[in-house]
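Asker: Before we start, here is the structure in question, set down as structure tokens.
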Amino acid sequence: MKELIESLMEMGILASPRALKLLQTQDNPMEMVRHILRGRGETLFLEEEDIRRALEELGGNEEEKLELSVPQTVVVEKQSKVVEEKEEKEKSESTVMLRKKNTPPPAVSRYRPVAAEYEEDIKISGDITGKSLCEGKITDFTRYFIDRLNKLRDIIKRRPEMMHATSIRRAKRLDNKVSTIGIVSEVVSSEHGIKVIIEDEEDFIALFINKNSQVFKQAGTIINDEVIGVSGRVKLNRREPVLYPDAIFR
């Protein structure tokens, strides 16, 4: 539209909006304008009527031809697209049906356990070996851990550094360097170090291994229920004795 208006202005011609709209539908609007000028001489303003009269003189209404051709093209394209989609759908359905036809039915297992229709009826009458002394009570578990502690403590005491290891209760009262053995009941890691609680038959004590300690790496492998021996100094921390080990034995 802009180019058409500029071309008309170069020729010194103005046109009404309707005339411009009608001109724009033509394949060669400027040729149409020249035809009008040849027939009417100098024209400064074009009306819609001028364009329609020129169309009749040229032998047909190109606007009507254009308006008819566009919808027909769209309809043909839509019909073609619908046909293609239908063919594609039929092809897809045929492929699915063929696959279903060629797929063997799932295998059905005919296995059935002999006792499938019976509920379980299991009773534990006792120890068939006659050697079990455990009844599953708390005292049995306590006895088990104490026995385990005693056996592993004897093994750790064979080391020269732990020959004089004392009980945890006595170690908590000593100010000088002490050695003791216990079973691990808790391990807590923090940004400052590792806290370990060990206990024996009588008492418990907290160990603290600073991250700068020489045994910090070794302390990182300590786990619950492990029996360990430690040596170090006991200090009061918030009225509770804490052992700071400089050696850990297993």
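Residues are referred to by chain and number: the chain letter is A, B, ... according to the order shown in the structure tokens, the number counts from 1 in that chain, and ligands are numbered separately from 1 in the order shown.
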Write out as a list in words the set of residues from stretch 147-207 of chain A that DSSP, computed on the backbone, places in alpha helix (DSSP H).

Answerer: Asp147, Arg148, Leu149, Asn150, Lys151, Leu152, Arg153, Asp154, Ile155, Ile156, Ile168, Arg169, Arg170 and Ala171 of chain A

Asker: Let's have the selection written as an mmCIF file, in the first residue's frame, with N, CA and C atoms.

Answerer:
```
data_model
loop_
_atom_site.group_PDB
_atom_site.id
_atom_site.type_symbol
_atom_site.label_atom_id
_atom_site.label_comp_id
_atom_site.auth_asym_id
_atom_site.auth_seq_id
_atom_site.Cartn_x
_atom_site.Cartn_y
_atom_site.Cartn_z
ATOM 1 N N ASP A 147 30.193 -60.220 78.062
ATOM 2 C CA ASP A 147 31.126 -61.292 77.703
ATOM 3 C C ASP A 147 32.020 -60.862 76.539
ATOM 4 N N ARG A 148 31.417 -60.205 75.584
ATOM 5 C CA ARG A 148 32.187 -59.713 74.428
ATOM 6 C C ARG A 148 33.205 -58.665 74.865
ATOM 7 N N LEU A 149 32.789 -57.754 75.749
ATOM 8 C CA LEU A 149 33.693 -56.718 76.252
ATOM 9 C C LEU A 149 34.876 -57.344 76.987
ATOM 10 N N ASN A 150 34.604 -58.318 77.832
ATOM 11 C CA ASN A 150 35.679 -58.947 78.609
ATOM 12 C C ASN A 150 36.696 -59.643 77.713
ATOM 13 N N LYS A 151 36.197 -60.338 76.705
ATOM 14 C CA LYS A 151 37.112 -61.073 75.830
ATOM 15 C C LYS A 151 37.983 -60.130 75.003
ATOM 16 N N LEU A 152 37.372 -59.079 74.455
ATOM 17 C CA LEU A 152 38.146 -58.135 73.648
ATOM 18 C C LEU A 152 39.051 -57.267 74.524
ATOM 19 N N ARG A 153 38.616 -56.997 75.747
ATOM 20 C CA ARG A 153 39.452 -56.218 76.666
ATOM 21 C C ARG A 153 40.729 -56.992 77.000
ATOM 22 N N ASP A 154 40.589 -58.287 77.188
ATOM 23 C CA ASP A 154 41.777 -59.108 77.463
ATOM 24 C C ASP A 154 42.753 -59.067 76.296
ATOM 25 N N ILE A 155 42.206 -59.039 75.075
ATOM 26 C CA ILE A 155 43.076 -58.994 73.893
ATOM 27 C C ILE A 155 43.806 -57.648 73.817
ATOM 28 N N ILE A 156 43.063 -56.555 74.072
ATOM 29 C CA ILE A 156 43.677 -55.221 73.991
ATOM 30 C C ILE A 156 44.723 -55.038 75.092
ATOM 31 N N ILE A 168 36.672 -47.505 83.818
ATOM 32 C CA ILE A 168 36.244 -46.149 83.462
ATOM 33 C C ILE A 168 35.937 -45.338 84.719
ATOM 34 N N ARG A 169 35.311 -45.953 85.719
ATOM 35 C CA ARG A 169 34.971 -45.226 86.948
ATOM 36 C C ARG A 169 36.225 -44.694 87.631
ATOM 37 N N ARG A 170 37.261 -45.485 87.691
ATOM 38 C CA ARG A 170 38.507 -45.047 88.332
ATOM 39 C C ARG A 170 39.232 -44.030 87.463
ATOM 40 N N ALA A 171 39.171 -44.209 86.137
ATOM 41 C CA ALA A 171 39.859 -43.284 85.233
ATOM 42 C C ALA A 171 39.276 -41.878 85.336
#
```

Asker: Provide the atom CA of A:Val178 to atom CA of A:Gly193 distance in Å, to one decimal place.

Answerer: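 Computing the Euclidean distance for atom CA of A:Val178 and atom CA of A:Gly193 yields 20.9 Å.
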
Asker: Can you tell me how far atom CA of A:Asn210 sits from atom CA of A:Phe145, in Å to one decimal?

Answerer: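 Taking atom CA of A:Asn210 and atom CA of A:Phe145, their separation equals 28.8 Å.
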
Asker: Taking 2 positions as the minimum chain separation for residues in the same chain, which residues sit within 12 Å of A:Gln214 when counting only C-alpha atoms? Answer as a PyMOL selection string.

Answerer: chain A and resi 193+209-212+216-220+244-248

Asker: Give me, as a VMD selection string, all polymer residues having an atom no more than 12 Å from A:Glu31, counting only C-alpha atoms and skipping those fewer than 5 positions away in the same chain.

Answerer: chain A and resid 4 7 to 8 23 to 24 26 36 to 38 51 54 to 55 58

Asker: Taking only C-alpha atoms into account, which of A:Arg53, A:Gly12, A:Gly232, A:His192 comes nearest A:Ala165?

Answerer: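 Among the listed residues, A:Gly232 lies closest to A:Ala165.
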
Asker: What's around A:Leu236 at 12 Å? Count only C-alpha atoms, leave out sequence neighbours fewer than 4 positions away in its own chain, and write the answer as a list in words.

Answerer: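 The residues satisfying every condition are Lys172, Arg173, Leu174, Asp175, Ile205, Ala206, Leu207, Phe208, Glu240, Pro241, Val242, Leu243 and Tyr244 of chain A.
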
Asker: Please produce a file of the residues just selected, as a compact mmCIF listing (two decimals), in the first residue's frame, where the atoms kept are all heavy atoms.

Answerer:
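again_39.txt, written as the output of this step:
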```
# COMPACT_ATOMS: atom_id res chain seq x y z
N LYS A 172 37.99 -41.76 85.62
CA LYS A 172 37.34 -40.44 85.71
C LYS A 172 37.84 -39.65 86.92
O LYS A 172 37.70 -38.42 86.96
CB LYS A 172 35.82 -40.62 85.78
CG LYS A 172 35.22 -41.13 84.48
CD LYS A 172 33.76 -41.53 84.63
CE LYS A 172 32.86 -40.34 84.80
NZ LYS A 172 31.42 -40.72 84.74
N ARG A 173 38.42 -40.34 87.92
CA ARG A 173 38.86 -39.66 89.14
C ARG A 173 40.33 -39.26 89.07
O ARG A 173 40.81 -38.52 89.94
CB ARG A 173 38.66 -40.57 90.35
CG ARG A 173 37.21 -41.00 90.58
CD ARG A 173 37.06 -41.59 91.97
NE ARG A 173 35.76 -42.22 92.15
CZ ARG A 173 35.55 -43.52 92.14
NH1 ARG A 173 36.57 -44.36 91.96
NH2 ARG A 173 34.35 -44.02 92.33
N LEU A 174 41.05 -39.74 88.08
CA LEU A 174 42.49 -39.48 88.00
C LEU A 174 42.77 -38.20 87.22
O LEU A 174 42.07 -37.87 86.26
CB LEU A 174 43.20 -40.67 87.34
CG LEU A 174 43.05 -42.02 88.06
CD1 LEU A 174 43.71 -43.12 87.26
CD2 LEU A 174 43.66 -41.94 89.46
N ASP A 175 43.83 -37.49 87.66
CA ASP A 175 44.22 -36.25 86.99
C ASP A 175 45.35 -36.46 86.00
O ASP A 175 45.52 -35.68 85.06
CB ASP A 175 44.64 -35.20 88.03
CG ASP A 175 43.47 -34.78 88.90
OD1 ASP A 175 42.33 -34.85 88.41
OD2 ASP A 175 43.71 -34.40 90.06
N ILE A 205 32.20 -42.77 79.96
CA ILE A 205 32.96 -41.52 79.87
C ILE A 205 32.95 -41.03 78.43
O ILE A 205 32.88 -41.83 77.48
CB ILE A 205 34.42 -41.71 80.37
CG1 ILE A 205 35.11 -40.34 80.50
CG2 ILE A 205 35.20 -42.61 79.42
CD1 ILE A 205 36.46 -40.41 81.19
N ALA A 206 33.01 -39.71 78.30
CA ALA A 206 33.02 -39.10 76.97
C ALA A 206 34.47 -38.88 76.53
O ALA A 206 35.31 -38.42 77.31
CB ALA A 206 32.28 -37.77 76.98
N LEU A 207 34.73 -39.20 75.29
CA LEU A 207 36.03 -38.92 74.67
C LEU A 207 35.82 -37.80 73.66
O LEU A 207 34.80 -37.76 72.98
CB LEU A 207 36.58 -40.15 73.95
CG LEU A 207 36.49 -41.51 74.64
CD1 LEU A 207 37.04 -42.59 73.71
CD2 LEU A 207 37.24 -41.50 75.96
N PHE A 208 36.80 -36.91 73.58
CA PHE A 208 36.72 -35.88 72.54
C PHE A 208 38.04 -35.83 71.79
O PHE A 208 39.11 -35.66 72.38
CB PHE A 208 36.42 -34.50 73.13
CG PHE A 208 36.21 -33.45 72.07
CD1 PHE A 208 35.03 -33.39 71.35
CD2 PHE A 208 37.22 -32.55 71.75
CE1 PHE A 208 34.83 -32.45 70.35
CE2 PHE A 208 37.04 -31.61 70.76
CZ PHE A 208 35.84 -31.55 70.05
N GLU A 240 31.74 -32.20 83.92
CA GLU A 240 31.76 -33.61 83.51
C GLU A 240 33.17 -33.95 83.03
O GLU A 240 33.75 -33.22 82.23
CB GLU A 240 30.76 -33.86 82.38
CG GLU A 240 29.31 -33.89 82.83
CD GLU A 240 28.99 -35.07 83.73
OE1 GLU A 240 29.63 -36.13 83.56
OE2 GLU A 240 28.12 -34.94 84.59
N PRO A 241 33.71 -35.06 83.51
CA PRO A 241 35.05 -35.45 83.06
C PRO A 241 35.04 -35.89 81.59
O PRO A 241 34.17 -36.65 81.17
CB PRO A 241 35.42 -36.61 83.99
CG PRO A 241 34.12 -37.14 84.46
CD PRO A 241 33.16 -35.99 84.50
N VAL A 242 36.00 -35.38 80.84
CA VAL A 242 36.14 -35.73 79.43
C VAL A 242 37.56 -36.21 79.20
O VAL A 242 38.52 -35.57 79.64
CB VAL A 242 35.83 -34.53 78.51
CG1 VAL A 242 36.05 -34.91 77.05
CG2 VAL A 242 34.41 -34.05 78.72
N LEU A 243 37.70 -37.32 78.53
CA LEU A 243 39.02 -37.87 78.25
C LEU A 243 39.44 -37.44 76.85
O LEU A 243 38.70 -37.65 75.88
CB LEU A 243 38.99 -39.40 78.36
CG LEU A 243 40.35 -40.10 78.45
CD1 LEU A 243 40.18 -41.48 79.11
CD2 LEU A 243 41.02 -40.29 77.10
N TYR A 244 40.62 -36.82 76.76
CA TYR A 244 41.16 -36.38 75.47
C TYR A 244 42.26 -37.37 75.07
O TYR A 244 43.40 -37.26 75.53
CB TYR A 244 41.73 -34.96 75.58
CG TYR A 244 40.66 -33.92 75.85
CD1 TYR A 244 40.23 -33.66 77.16
CD2 TYR A 244 40.09 -33.21 74.81
CE1 TYR A 244 39.25 -32.72 77.41
CE2 TYR A 244 39.10 -32.25 75.06
CZ TYR A 244 38.68 -32.02 76.36
OH TYR A 244 37.71 -31.08 76.61
```

Asker: For atom CA of A:Glu202 and atom CA of A:Val188, quote the distance in Å rounded to one decimal.

Answerer: 22.3 Å

Asker: Quick one: everything within 7 Å of A:Glu226, counting only C-alpha atoms, minus sequence neighbours fewer than 3 positions away in the same chain. Send it as a list of chain:residue names.

Answerer: A:Ile183, A:Val184, A:Ile223

Asker: Using only C-alpha atoms for the distances, tell me which of A:Ile194, A:Glu93, A:Ser189, A:Glu161 is nearest to A:Arg250.

Answerer: A:Glu161
